[in-house]
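Only one structure is covered here, and it is reproduced in the block below.
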Amino acid sequence: MREYMKERRLKRRGQIIELLGGACAQCGDIEDLQIDHKDPTTKKFKLSGKGLDGSWDCILSEVKKCQLLCKKDHGEKSRFETEAMAPHGTVTRYLKYTCRCDACKSAYAKKRKRYPSRQSNYGVSA
Ligand SMILES: [Zn+2]
Ligand SMILES: [Zn+2]
């Protein structure tokens, strides 16, 4: 990547953090800050990497939907979001988050019953 692009991204990230108050919205920490979309469903693009190459106006409208969180609080929020999007007792939770609790296992078992995998027919000639 060209050096000036990298520098511009860094500079923009700094500006965004300043705009958002420069501290974690949860605990006020000023280190390890991450830009977080308050409501992930409103997210158009990530405010990192390539997301910082677009027009500043575009970026600003995205910044309005964001807050700053420290690493710890961001991790916690992501966990809650996982909980909301893929609660226990869903196949998503079983496959994507490899949860093996009873509720998830039975959801997966039910799905397998409904859509028997082709493998179970292996070796059976028609
Ligand atoms: Zn925090
Ligand atoms: Zn589970």
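Ordering of the structure tokens sets the chain letters (A, B, ...); residue numbers start at 1 within each chain; ligands are numbered from 1 in the order shown.
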
Within 8 Å of His88 (chain A) using only C-alpha atoms, minus same-chain residues under 5 positions, as a PDB file with C-alpha atoms, in the first residue's frame:
```
ATOM      1  CA  GLU A  83     -26.362 -13.726  22.003  1.00  0.00           C
ATOM      2  CA  ARG A  93     -25.163 -21.066  17.325  1.00  0.00           C
ATOM      3  CA  TYR A  94     -24.255 -24.734  16.995  1.00  0.00           C
ATOM      4  CA  CYS A  99     -21.865 -24.318  21.054  1.00  0.00           C
ATOM      5  CA  CYS A 101     -25.237 -27.161  24.911  1.00  0.00           C
ATOM      6  CA  ALA A 103     -30.586 -26.689  23.351  1.00  0.00           C
ATOM      7  CA  CYS A 104     -28.163 -26.179  20.458  1.00  0.00           C
TER       8      CYS A 104
END
```

Around ligand 1, at most 12 Å away and counting only C-alpha atoms and all ligand atoms, which residues are there? Put them as a PDB file with N, CA and C atoms, in the first residue's frame, please.
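Everything below was put into result_22.pdb:
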```pdb
ATOM      1  N   GLY A  22     -12.798  10.645  22.352  1.00  0.00           N
ATOM      2  CA  GLY A  22     -11.486  10.165  22.770  1.00  0.00           C
ATOM      3  C   GLY A  22     -11.447   9.257  23.980  1.00  0.00           C
ATOM      4  N   ALA A  23     -12.597   8.727  24.387  1.00  0.00           N
ATOM      5  CA  ALA A  23     -12.604   7.831  25.537  1.00  0.00           C
ATOM      6  C   ALA A  23     -13.709   6.795  25.400  1.00  0.00           C
ATOM      7  N   CYS A  24     -13.510   5.669  26.067  1.00  0.00           N
ATOM      8  CA  CYS A  24     -14.501   4.589  26.030  1.00  0.00           C
ATOM      9  C   CYS A  24     -15.852   5.078  26.573  1.00  0.00           C
ATOM     10  N   ALA A  25     -16.920   4.788  25.823  1.00  0.00           N
ATOM     11  CA  ALA A  25     -18.251   5.237  26.225  1.00  0.00           C
ATOM     12  C   ALA A  25     -18.740   4.531  27.486  1.00  0.00           C
ATOM     13  N   GLN A  26     -18.136   3.397  27.795  1.00  0.00           N
ATOM     14  CA  GLN A  26     -18.569   2.633  28.964  1.00  0.00           C
ATOM     15  C   GLN A  26     -17.793   3.001  30.221  1.00  0.00           C
ATOM     16  N   CYS A  27     -16.464   2.988  30.104  1.00  0.00           N
ATOM     17  CA  CYS A  27     -15.666   3.141  31.323  1.00  0.00           C
ATOM     18  C   CYS A  27     -14.721   4.344  31.289  1.00  0.00           C
ATOM     19  N   GLY A  28     -14.671   5.061  30.153  1.00  0.00           N
ATOM     20  CA  GLY A  28     -13.839   6.250  30.098  1.00  0.00           C
ATOM     21  C   GLY A  28     -12.369   6.001  29.828  1.00  0.00           C
ATOM     22  N   ASP A  29     -12.014   4.769  29.586  1.00  0.00           N
ATOM     23  CA  ASP A  29     -10.628   4.424  29.262  1.00  0.00           C
ATOM     24  C   ASP A  29     -10.203   5.144  27.986  1.00  0.00           C
ATOM     25  N   ILE A  30      -8.918   5.519  27.904  1.00  0.00           N
ATOM     26  CA  ILE A  30      -8.467   6.201  26.692  1.00  0.00           C
ATOM     27  C   ILE A  30      -7.457   5.370  25.914  1.00  0.00           C
ATOM     28  N   GLU A  31      -7.257   4.125  26.340  1.00  0.00           N
ATOM     29  CA  GLU A  31      -6.320   3.279  25.621  1.00  0.00           C
ATOM     30  C   GLU A  31      -7.028   2.139  24.916  1.00  0.00           C
ATOM     31  N   ASP A  32      -6.392   1.630  23.852  1.00  0.00           N
ATOM     32  CA  ASP A  32      -6.952   0.495  23.108  1.00  0.00           C
ATOM     33  C   ASP A  32      -8.370   0.765  22.623  1.00  0.00           C
ATOM     34  N   LEU A  33      -8.610   1.971  22.124  1.00  0.00           N
ATOM     35  CA  LEU A  33      -9.973   2.301  21.728  1.00  0.00           C
ATOM     36  C   LEU A  33     -10.342   1.687  20.387  1.00  0.00           C
ATOM     37  N   GLN A  34     -11.589   1.262  20.276  1.00  0.00           N
ATOM     38  CA  GLN A  34     -12.093   0.705  19.035  1.00  0.00           C
ATOM     39  C   GLN A  34     -13.370   1.434  18.660  1.00  0.00           C
ATOM     40  N   ILE A  35     -13.536   1.606  17.350  1.00  0.00           N
ATOM     41  CA  ILE A  35     -14.726   2.306  16.873  1.00  0.00           C
ATOM     42  C   ILE A  35     -15.842   1.283  16.706  1.00  0.00           C
ATOM     43  N   ASP A  36     -16.936   1.532  17.403  1.00  0.00           N
ATOM     44  CA  ASP A  36     -18.011   0.541  17.438  1.00  0.00           C
ATOM     45  C   ASP A  36     -19.317   1.136  16.930  1.00  0.00           C
ATOM     46  N   GLN A  67     -19.645   4.825  18.455  1.00  0.00           N
ATOM     47  CA  GLN A  67     -19.142   5.237  19.753  1.00  0.00           C
ATOM     48  C   GLN A  67     -17.775   4.592  19.923  1.00  0.00           C
ATOM     49  N   LEU A  68     -17.053   5.065  20.913  1.00  0.00           N
ATOM     50  CA  LEU A  68     -15.763   4.457  21.194  1.00  0.00           C
ATOM     51  C   LEU A  68     -15.913   3.468  22.340  1.00  0.00           C
ATOM     52  N   LEU A  69     -15.262   2.355  22.181  1.00  0.00           N
ATOM     53  CA  LEU A  69     -15.230   1.392  23.272  1.00  0.00           C
ATOM     54  C   LEU A  69     -13.802   0.885  23.433  1.00  0.00           C
ATOM     55  N   CYS A  70     -13.400   0.646  24.657  1.00  0.00           N
ATOM     56  CA  CYS A  70     -12.098   0.035  24.863  1.00  0.00           C
ATOM     57  C   CYS A  70     -12.207  -1.431  24.459  1.00  0.00           C
ATOM     58  N   LYS A  71     -11.056  -2.065  24.366  1.00  0.00           N
ATOM     59  CA  LYS A  71     -11.024  -3.442  23.893  1.00  0.00           C
ATOM     60  C   LYS A  71     -11.930  -4.349  24.721  1.00  0.00           C
ATOM     61  N   LYS A  72     -11.863  -4.169  26.018  1.00  0.00           N
ATOM     62  CA  LYS A  72     -12.617  -5.035  26.928  1.00  0.00           C
ATOM     63  C   LYS A  72     -14.130  -4.849  26.731  1.00  0.00           C
ATOM     64  N   ASP A  73     -14.569  -3.581  26.710  1.00  0.00           N
ATOM     65  CA  ASP A  73     -16.004  -3.331  26.568  1.00  0.00           C
ATOM     66  C   ASP A  73     -16.505  -3.723  25.186  1.00  0.00           C
ATOM     67  N   HIS A  74     -15.647  -3.562  24.193  1.00  0.00           N
ATOM     68  CA  HIS A  74     -16.042  -3.951  22.848  1.00  0.00           C
ATOM     69  C   HIS A  74     -16.256  -5.458  22.775  1.00  0.00           C
ATOM     70  N   GLY A  75     -15.360  -6.187  23.413  1.00  0.00           N
ATOM     71  CA  GLY A  75     -15.488  -7.638  23.441  1.00  0.00           C
ATOM     72  C   GLY A  75     -16.790  -8.058  24.102  1.00  0.00           C
ATOM     73  N   GLU A  76     -17.118  -7.373  25.172  1.00  0.00           N
ATOM     74  CA  GLU A  76     -18.330  -7.690  25.904  1.00  0.00           C
ATOM     75  C   GLU A  76     -19.565  -7.425  25.051  1.00  0.00           C
ATOM     76  N   LYS A  77     -19.537  -6.294  24.348  1.00  0.00           N
ATOM     77  CA  LYS A  77     -20.672  -5.930  23.514  1.00  0.00           C
ATOM     78  C   LYS A  77     -20.853  -6.962  22.391  1.00  0.00           C
TER      79      LYS A  77
END
```

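Nearest residue to ligand 2, choosing from A:Ser106, A:Arg8, A:Gly89, A:Lys96 and counting only C-alpha atoms and all ligand atoms: A:Gly89.
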
Inset, instruction - Work out how far CA of Gly21 (chain A) is from CA of Asp39 (chain A), in Å to one decimal. - result: 18.3 Å

Legend entry - Distance of CA of Lys46 (chain A) from CA of Phe80 (chain A), expressed in Å to one decimal place: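 Spanning CA of Phe80 (chain A) to CA of Lys46 (chain A) is a straight-line distance of 19.3 Å.
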
Legend entry - Close residues, region 57-60 of chain A itself excluded, 10 Å, only C-alpha atoms, min 3 positions apart in chain, as a list in words: Arg12, Ile16, Leu19, Lys44, Phe45, Lys46, Leu47, Gly51, Leu52, Asp53, Gly54, Val63, Lys64, Lys65 and Cys66 of chain A

Could the residues in this selection be written to a file with C-alpha atoms, as a tab-separated table (two decimals), in the first residue's frame?
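Everything below was put into result11.tsv:
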```
chain	number	residue	atom	x	y	z
A	12	ARG	CA	-8.52	9.99	9.79
A	16	ILE	CA	-12.70	10.12	14.28
A	19	LEU	CA	-14.78	13.50	17.25
A	44	LYS	CA	-22.75	0.65	6.01
A	45	PHE	CA	-19.03	0.09	6.20
A	46	LYS	CA	-16.28	-0.41	8.71
A	47	LEU	CA	-14.42	2.66	9.90
A	51	GLY	CA	-13.47	2.21	4.96
A	52	LEU	CA	-11.23	5.19	5.69
A	53	ASP	CA	-10.37	5.81	2.02
A	54	GLY	CA	-13.76	7.19	0.99
A	63	VAL	CA	-19.19	8.22	12.54
A	64	LYS	CA	-22.54	9.55	13.78
A	65	LYS	CA	-23.69	5.98	14.33
A	66	CYS	CA	-20.61	5.06	16.30
```

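With distances restricted to only C-alpha atoms, A:Thr42 is the closest residue to Glu62 (chain A) from A:Pro87, A:Thr42, A:Lys111, A:Asp102.
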
Inset, instruction - Would you mind reading off the distance between CA of Thr90 (chain A) and CA of Arg114 (chain A), one decimal, in Å? - result: 14.3 Å

Legend entry - helix (DSSP H, G or I) positions in region 15-77 of chain A, given as a list in words: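 Secondary structure check on region 15-77 of chain A, helix (DSSP H, G or I): Gln15, Ile16, Ile17, Glu18, Leu19, Pro40, Thr41, Thr42, Gly49, Lys50, Gly51, Leu52, Trp56, Asp57, Cys58, Ile59, Leu60, Ser61, Glu62, Val63, Lys71, Lys72, Asp73, His74, Gly75, Glu76 and Lys77 of chain A.
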
Residues as selected, N, CA and C atoms, written as a compact mmCIF listing (two decimals), in the first residue's frame, can you do that?
```txt
# COMPACT_ATOMS: atom_id res chain seq x y z
N GLN A 15 -8.76 11.47 13.85
CA GLN A 15 -9.80 12.50 13.84
C GLN A 15 -11.13 11.95 14.32
N ILE A 16 -11.43 10.75 13.89
CA ILE A 16 -12.70 10.12 14.28
C ILE A 16 -12.73 9.91 15.80
N ILE A 17 -11.63 9.40 16.32
CA ILE A 17 -11.56 9.16 17.76
C ILE A 17 -11.74 10.46 18.54
N GLU A 18 -11.15 11.52 17.99
CA GLU A 18 -11.30 12.82 18.64
C GLU A 18 -12.76 13.28 18.59
N LEU A 19 -13.38 13.12 17.42
CA LEU A 19 -14.78 13.50 17.25
C LEU A 19 -15.69 12.75 18.23
N PRO A 40 -25.40 -2.34 15.16
CA PRO A 40 -24.70 -2.94 14.01
C PRO A 40 -25.57 -3.05 12.76
N THR A 41 -26.89 -3.00 12.91
CA THR A 41 -27.74 -3.13 11.72
C THR A 41 -27.71 -1.87 10.86
N THR A 42 -27.22 -0.75 11.42
CA THR A 42 -27.17 0.50 10.65
C THR A 42 -25.83 0.66 9.93
N GLY A 49 -9.38 0.38 7.86
CA GLY A 49 -8.85 -0.08 6.58
C GLY A 49 -9.42 0.72 5.42
N LYS A 50 -9.96 0.00 4.43
CA LYS A 50 -10.48 0.64 3.23
C LYS A 50 -11.62 1.61 3.52
N GLY A 51 -12.35 1.35 4.59
CA GLY A 51 -13.47 2.21 4.96
C GLY A 51 -13.03 3.65 5.19
N LEU A 52 -11.73 3.84 5.42
CA LEU A 52 -11.23 5.19 5.69
C LEU A 52 -10.72 5.88 4.42
N TRP A 56 -14.70 12.13 3.05
CA TRP A 56 -14.81 12.47 4.47
C TRP A 56 -16.27 12.63 4.88
N ASP A 57 -17.10 13.16 3.97
CA ASP A 57 -18.53 13.31 4.26
C ASP A 57 -19.17 11.97 4.57
N CYS A 58 -18.85 11.01 3.73
CA CYS A 58 -19.34 9.64 3.90
C CYS A 58 -18.94 9.09 5.25
N ILE A 59 -17.68 9.29 5.56
CA ILE A 59 -17.14 8.79 6.81
C ILE A 59 -17.86 9.45 7.99
N LEU A 60 -18.07 10.76 7.88
CA LEU A 60 -18.72 11.47 8.98
C LEU A 60 -20.12 10.95 9.25
N SER A 61 -20.86 10.63 8.19
CA SER A 61 -22.22 10.15 8.42
C SER A 61 -22.19 8.77 9.08
N GLU A 62 -21.12 8.04 8.85
CA GLU A 62 -20.96 6.74 9.51
C GLU A 62 -20.53 6.93 10.97
N VAL A 63 -19.68 7.93 11.18
CA VAL A 63 -19.19 8.22 12.54
C VAL A 63 -20.35 8.54 13.49
N LYS A 71 -11.06 -2.06 24.37
CA LYS A 71 -11.02 -3.44 23.89
C LYS A 71 -11.93 -4.35 24.72
N LYS A 72 -11.86 -4.17 26.02
CA LYS A 72 -12.62 -5.04 26.93
C LYS A 72 -14.13 -4.85 26.73
N ASP A 73 -14.57 -3.58 26.71
CA ASP A 73 -16.00 -3.33 26.57
C ASP A 73 -16.50 -3.72 25.19
N HIS A 74 -15.65 -3.56 24.19
CA HIS A 74 -16.04 -3.95 22.85
C HIS A 74 -16.26 -5.46 22.77
N GLY A 75 -15.36 -6.19 23.41
CA GLY A 75 -15.49 -7.64 23.44
C GLY A 75 -16.79 -8.06 24.10
N GLU A 76 -17.12 -7.37 25.17
CA GLU A 76 -18.33 -7.69 25.90
C GLU A 76 -19.56 -7.43 25.05
N LYS A 77 -19.54 -6.29 24.35
CA LYS A 77 -20.67 -5.93 23.51
C LYS A 77 -20.85 -6.96 22.39
```

Legend entry - chain A: residues DSSP assigns to strand (DSSP E or B), reported as a ChimeraX atom specification: /A:33-37,66-70
